[in-house]
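What follows is one structure encoded as C-alpha cells, with my remarks underneath.
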Amino acid sequence: MTPAPRTAVVLGGGVLGTSTAHALQRAGVVTTLLTRGEPADGASGRSLSWLNSAGARSEAYHLLRTVGIDRYRTLFAQDPTRAWLRFDGGLWWSTGADEARARHTHETSIGYDSEALDPEQVSARFPGVRAAAPAVHNPGEGWVSLPHLIAHLAGEFTAAGGTLRTGAGECAVLVEDGRAAGVRAGDGSTVRADAVVVACGASTPAVLAGFGVDLPDASPLSALVETEPVDSPVRTVLNTPRAALRPQPGGGFAVDHDWYVEQIEERPDGSCALDGKFVDELLAEAGAVLDGTPLEAARWRAGRKPIPADGEPVLGELSAVSGCHVVFTHSGATLGLIVGELIAHGVTTGTAHPLVAPFSPRRFGC
Ligand SMILES: Cc1cc2nc3c(=O)[nH]c(=O)nc-3n(C[C@H](O)[C@H](O)[C@H](O)COP(=O)(O)OP(=O)(O)OC[C@H]3O[C@@H](n4cnc5c(N)ncnc54)[C@H](O)[C@@H]3O)c2cc1C
C-alpha cells in the first residue's frame with residue numbers, strides 16, 4: 001500500500017487549485033501552490049460565479065452542486081457581512097412561458113427551491129427588475145466574487161504554513177516510473193512532492209498532454225463585462241435570454257452571455273479581442289432587464305471557460321500516472337469549496353470520495 005502523502009504540489013491559482021491547496025494544508029499535508037502568473041488570472045477572474053444547481057443535469061452532478069452550495073452557506077454564516085458572498089436568490093426567464101413552466105416543474109420534482117412568477121409578480125417583488133416573460137425564482141441561490149474568495153483562501157493557506165509561488169511560468173508535471181514526482185516551474189526549478197494536483201483551468205488538457213495523457217476538452221471562449229458602480233436596488237442573480245447579471249462587491253454588475261461568443265477573437269498568445277459594439281449591446285440588454293438603468297463598462301475580459309468534452313466534471317487521480325490528481329470542470333464557482341475538500345480527501349486517503357467517484361478521469365481512459 002502506498003503511504004499517505006506528506007507533501008503535495010498544486011498547479012493553478014484559480015479557485016479550484018487554491019481551494020484544494022487550502023484543504024490539503026489543513027489536512028496536514030505540506031503543500032506548495034504554484035501558479036503561472038497572479039492568482040485569479042484565469043477563468044476565476046472573469047466568472048459570473050452564480051452559485052446554483054438550477055435546471056436539468058445528472059443526479060450525481062446535482063448532488064455535488066447542492067453540497068457545494070452548502071459549503072458556501074457555512075462560509076456565509078461565519079460572516080454574513082462579506083460583500084463578496086451573497087445569498088439573495090436568482091431569477092431566470094426565457095423567451096416564453098413553456099420553458100419556465102418546464103424548468104419549475106423539474107426543479108420542484110427534485111426538491112430544488114423553485115417558485116414560478118409572472119412578470120407582474122417579478123416587478124412587485126424585485127424592484128428594479130423588468131421580466132419580459134414568466135420567470136422562475138430560486139431563493140436559495142447566491143453569487144461569489146472569486147478573486148475575493150481566492151484571496152481569502154490563499155491568506156488562510158499561507159497562514160497555515162502553505163507556500164504560494166506566483167509568477168511560476170508554464171509549469172509541467174514531473175513523471176518518474178509512471179508516478180507523479182513533483183513539478184518543474186517555468187524557470188526550470190523543480191518542486192518535488194508525494195502528490196501532484198493539476199488545476200490549470202482551460203490549460204489542464206495541455207498540461208496533461210505534456211506527459212502523454214489525452215483529456216478530451218470542450219472549453220469555449222467567453223467574455224465577462226464589469227460595469228461601473230450604479231444605483232440599483234437589484235440584489236439577485238438574473239439569468240435572462242440576452243444577458244446574465246450579478247451584483248458586484250463595490251456596486252455595479254458583472255454581465256455575460258453566449259450570443260456574442262463567435263465574435264471573440266483568440267490570438268496565438270491566448271489573449272482575446274472583442275469589438276466594443278458587442279460590449280455596448282450586451283450592456284444595453286442588461287440595462288433593459290434592470291428596468292432601463294444605463295450601464296457603463298468599467299472593463300471586460302475574455303478567455304476560455306474550462307469545460308470537459310462531456311460537460312461533466314473531471315475530478316480525481318489519473319490511472320495512467322499514479323499520484324497525479326486532476327481538477328477540470330465548469331461551474332467551478334459553485335463547486336469551488338467542495339471540490340477542494342473532496343480532492344484533498346482523495347489525495348490523503350488514496351480513495352476517491354463517493355461524491356466525486358462518478359467524475360473520475362478514468363471514464364476517458366485517462
Ligand atoms: C464567463 C464565465 C462565466 C461563468 N459562470 C459561472 C457561474 O455562473 N457559476 C459557476 O459555478 N461557474 C461559472 N463559471 C465557471 C467557473 O468560473 C470556472 O469553472 C472556475 O473559475 C475555474 O476555476 P479553475 O481554478 O479551474 O481555473 P482558472 O480560474 O482558469 O485557474 C487556473 C489557473 O492555472 C494557471 N495555469 C494555467 N496553466 C498553468 C501552468 N502550466 N502552470 C502554472 N499555472 C498554470 C492559470 O494562470 C490560472 O491562474 C464561469 C466561467 C466563465 C469564464
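Residues in the C-alpha cells are numbered from 1 in each chain, the chains being A, B, ... in the order shown, and ligands are numbered from 1 in the order shown.
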
Note to self: Could you list, as a ChimeraX atom specification, all residues that come within 7 Å of ligand 1? Count only C-alpha atoms and all ligand atoms.
What the structure shows: /A:11-17,34-52,168-172,199-204,207,222-224,256,303-306,327-335

Let me see the file: selected residues, C-alpha atoms, as a compact mmCIF listing (two decimals), in the first residue's frame.
# COMPACT_ATOMS: atom_id res chain seq x y z
CA LEU A 11 -0.67 23.68 -10.05
CA GLY A 12 -3.02 26.58 -10.75
CA GLY A 13 -4.02 29.58 -8.65
CA GLY A 14 -7.68 29.71 -9.68
CA VAL A 15 -10.46 28.93 -7.25
CA LEU A 16 -10.11 25.15 -7.62
CA GLY A 17 -6.34 24.99 -7.13
CA LEU A 34 2.33 27.24 -7.93
CA THR A 35 0.64 29.40 -10.49
CA ARG A 36 1.76 30.79 -13.83
CA GLY A 37 1.03 34.47 -13.14
CA GLU A 38 -1.12 36.01 -10.44
CA PRO A 39 -3.89 34.20 -8.52
CA ALA A 40 -7.30 34.56 -10.24
CA ASP A 41 -5.75 35.49 -13.61
CA GLY A 42 -7.73 32.74 -15.40
CA ALA A 43 -11.45 31.91 -15.64
CA SER A 44 -11.89 32.65 -11.92
CA GLY A 45 -11.08 36.30 -12.61
CA ARG A 46 -13.80 36.64 -15.26
CA SER A 47 -16.65 34.47 -13.97
CA LEU A 48 -20.31 35.23 -13.42
CA SER A 49 -20.00 32.88 -10.41
CA TRP A 50 -23.68 32.27 -9.84
CA LEU A 51 -23.99 29.65 -7.09
CA ASN A 52 -26.65 27.28 -8.29
CA ALA A 168 5.94 30.46 -11.71
CA GLY A 169 5.53 30.44 -15.51
CA GLU A 170 4.41 27.43 -17.54
CA CYS A 171 4.80 24.58 -15.07
CA ALA A 172 4.93 20.93 -16.06
CA ALA A 199 -5.96 22.54 -11.56
CA CYS A 200 -4.95 24.70 -14.50
CA GLY A 201 -8.44 25.56 -15.73
CA ALA A 202 -8.75 25.53 -19.51
CA SER A 203 -4.99 24.77 -19.77
CA THR A 204 -5.42 21.47 -17.90
CA VAL A 207 -0.62 20.29 -19.09
CA SER A 222 -16.29 33.53 -23.15
CA ALA A 223 -16.26 37.15 -22.01
CA LEU A 224 -17.38 38.93 -18.87
CA ASP A 256 -22.13 37.86 -19.52
CA GLY A 303 -10.68 33.78 -22.46
CA ARG A 304 -11.52 30.12 -22.37
CA LYS A 305 -14.06 28.71 -19.93
CA PRO A 306 -12.91 25.26 -18.72
CA VAL A 327 -9.50 19.07 -11.30
CA PHE A 328 -11.10 20.26 -14.55
CA THR A 329 -14.68 21.46 -14.57
CA HIS A 330 -17.27 24.02 -15.49
CA SER A 331 -19.32 25.53 -12.63
CA GLY A 332 -16.10 25.81 -10.69
CA ALA A 333 -17.58 28.72 -8.76
CA THR A 334 -20.42 26.62 -7.36
CA LEU A 335 -18.00 23.72 -6.79

Checklist line | Residues of range 16-233 of chain A in alpha helix (DSSP H), written as JSON, numbers by chain | finding: {"A": [16, 17, 18, 19, 20, 21, 22, 23, 24, 25, 26, 59, 60, 61, 62, 63, 64, 65, 66, 67, 68, 69, 70, 71, 72, 73, 74, 75, 76, 77, 78, 97, 98, 99, 100, 101, 102, 103, 104, 105, 106, 107, 108, 109, 119, 120, 121, 122, 123, 124, 125, 146, 147, 148, 149, 150, 151, 152, 153, 154, 155, 156, 157, 158, 159, 204, 205, 206, 207, 208, 209]}

Store the residues of this selection in a file with C-alpha atoms, as a tab-separated table (two decimals), in the first residue's frame.
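And here's result_25.tsv as it stands now:
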chain	number	residue	atom	x	y	z
A	16	LEU	CA	-10.11	25.15	-7.62
A	17	GLY	CA	-6.34	24.99	-7.13
A	18	THR	CA	-6.41	27.43	-4.23
A	19	SER	CA	-9.28	25.63	-2.54
A	20	THR	CA	-7.52	22.26	-2.97
A	21	ALA	CA	-4.21	23.62	-1.62
A	22	HIS	CA	-6.09	25.14	1.33
A	23	ALA	CA	-7.82	21.83	2.13
A	24	LEU	CA	-4.60	19.80	1.78
A	25	GLN	CA	-2.65	22.10	4.09
A	26	ARG	CA	-5.47	21.96	6.63
A	59	GLU	CA	-28.18	13.27	-10.39
A	60	ALA	CA	-24.55	12.99	-9.31
A	61	TYR	CA	-23.74	16.47	-10.62
A	62	HIS	CA	-26.84	17.96	-8.94
A	63	LEU	CA	-25.84	16.36	-5.63
A	64	LEU	CA	-22.28	17.68	-5.88
A	65	ARG	CA	-23.54	21.20	-6.67
A	66	THR	CA	-26.05	21.27	-3.81
A	67	VAL	CA	-23.32	20.15	-1.39
A	68	GLY	CA	-21.14	22.85	-2.98
A	69	ILE	CA	-23.75	25.48	-2.11
A	70	ASP	CA	-23.92	24.05	1.42
A	71	ARG	CA	-20.22	24.82	1.95
A	72	TYR	CA	-20.77	28.40	0.83
A	73	ARG	CA	-23.66	28.62	3.29
A	74	THR	CA	-21.24	27.65	6.06
A	75	LEU	CA	-18.72	30.28	4.94
A	76	PHE	CA	-21.52	32.85	4.68
A	77	ALA	CA	-22.74	32.06	8.21
A	78	GLN	CA	-19.25	32.72	9.59
A	97	ALA	CA	-43.89	30.63	-20.70
A	98	ASP	CA	-43.37	26.94	-21.59
A	99	GLU	CA	-39.65	26.93	-20.73
A	100	ALA	CA	-40.29	28.49	-17.31
A	101	ARG	CA	-43.08	26.03	-16.57
A	102	ALA	CA	-40.93	23.03	-17.53
A	103	ARG	CA	-37.96	24.29	-15.51
A	104	HIS	CA	-40.08	24.96	-12.44
A	105	THR	CA	-41.76	21.54	-12.71
A	106	HIS	CA	-38.39	19.80	-12.96
A	107	GLU	CA	-36.84	21.75	-10.09
A	108	THR	CA	-39.85	21.08	-7.86
A	109	SER	CA	-39.60	17.34	-8.66
A	119	PRO	CA	-43.75	39.34	-14.88
A	120	GLU	CA	-46.04	41.48	-12.69
A	121	GLN	CA	-45.09	39.47	-9.62
A	122	VAL	CA	-41.41	39.91	-10.52
A	123	SER	CA	-41.83	43.72	-10.71
A	124	ALA	CA	-43.68	43.80	-7.40
A	125	ARG	CA	-41.28	41.52	-5.54
A	146	LEU	CA	-13.96	34.55	-6.93
A	147	PRO	CA	-10.95	36.92	-6.73
A	148	HIS	CA	-12.07	37.84	-3.21
A	149	LEU	CA	-12.64	34.19	-2.28
A	150	ILE	CA	-9.23	33.21	-3.66
A	151	ALA	CA	-7.54	35.97	-1.65
A	152	HIS	CA	-9.38	34.76	1.46
A	153	LEU	CA	-8.39	31.10	0.94
A	154	ALA	CA	-4.81	31.97	-0.04
A	155	GLY	CA	-4.47	34.07	3.13
A	156	GLU	CA	-5.60	31.15	5.31
A	157	PHE	CA	-3.42	28.75	3.32
A	158	THR	CA	-0.22	30.72	3.82
A	159	ALA	CA	-1.11	31.49	7.47
A	204	THR	CA	-5.42	21.47	-17.90
A	205	PRO	CA	-5.67	19.31	-21.06
A	206	ALA	CA	-2.45	20.93	-22.39
A	207	VAL	CA	-0.62	20.29	-19.09
A	208	LEU	CA	-1.71	16.62	-19.17
A	209	ALA	CA	-0.74	16.35	-22.85

Next item on the list: Calculate how many Å separate CA of Thr240 in chain A from CA of Val255 in chain A, rounding to one decimal.
Entry: 10.9 Å

Next item on the list: Could you please write out, as a ChimeraX atom specification, every residue of range 245-284 of chain A that DSSP assigns to strand (DSSP E or B)?
Entry: /A:245-247,253-256,265-266,272-273

Note to self: Under the rule that only C-alpha atoms are counted, which of A:Val230, A:Ala180, A:Cys272, A:Ala284 is the nearest residue to Ala320 in chain A?
What the structure shows: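 Of A:Val230, A:Ala180, A:Cys272, A:Ala284, the one nearest Ala320 in chain A, counting only C-alpha atoms, is A:Ala180.
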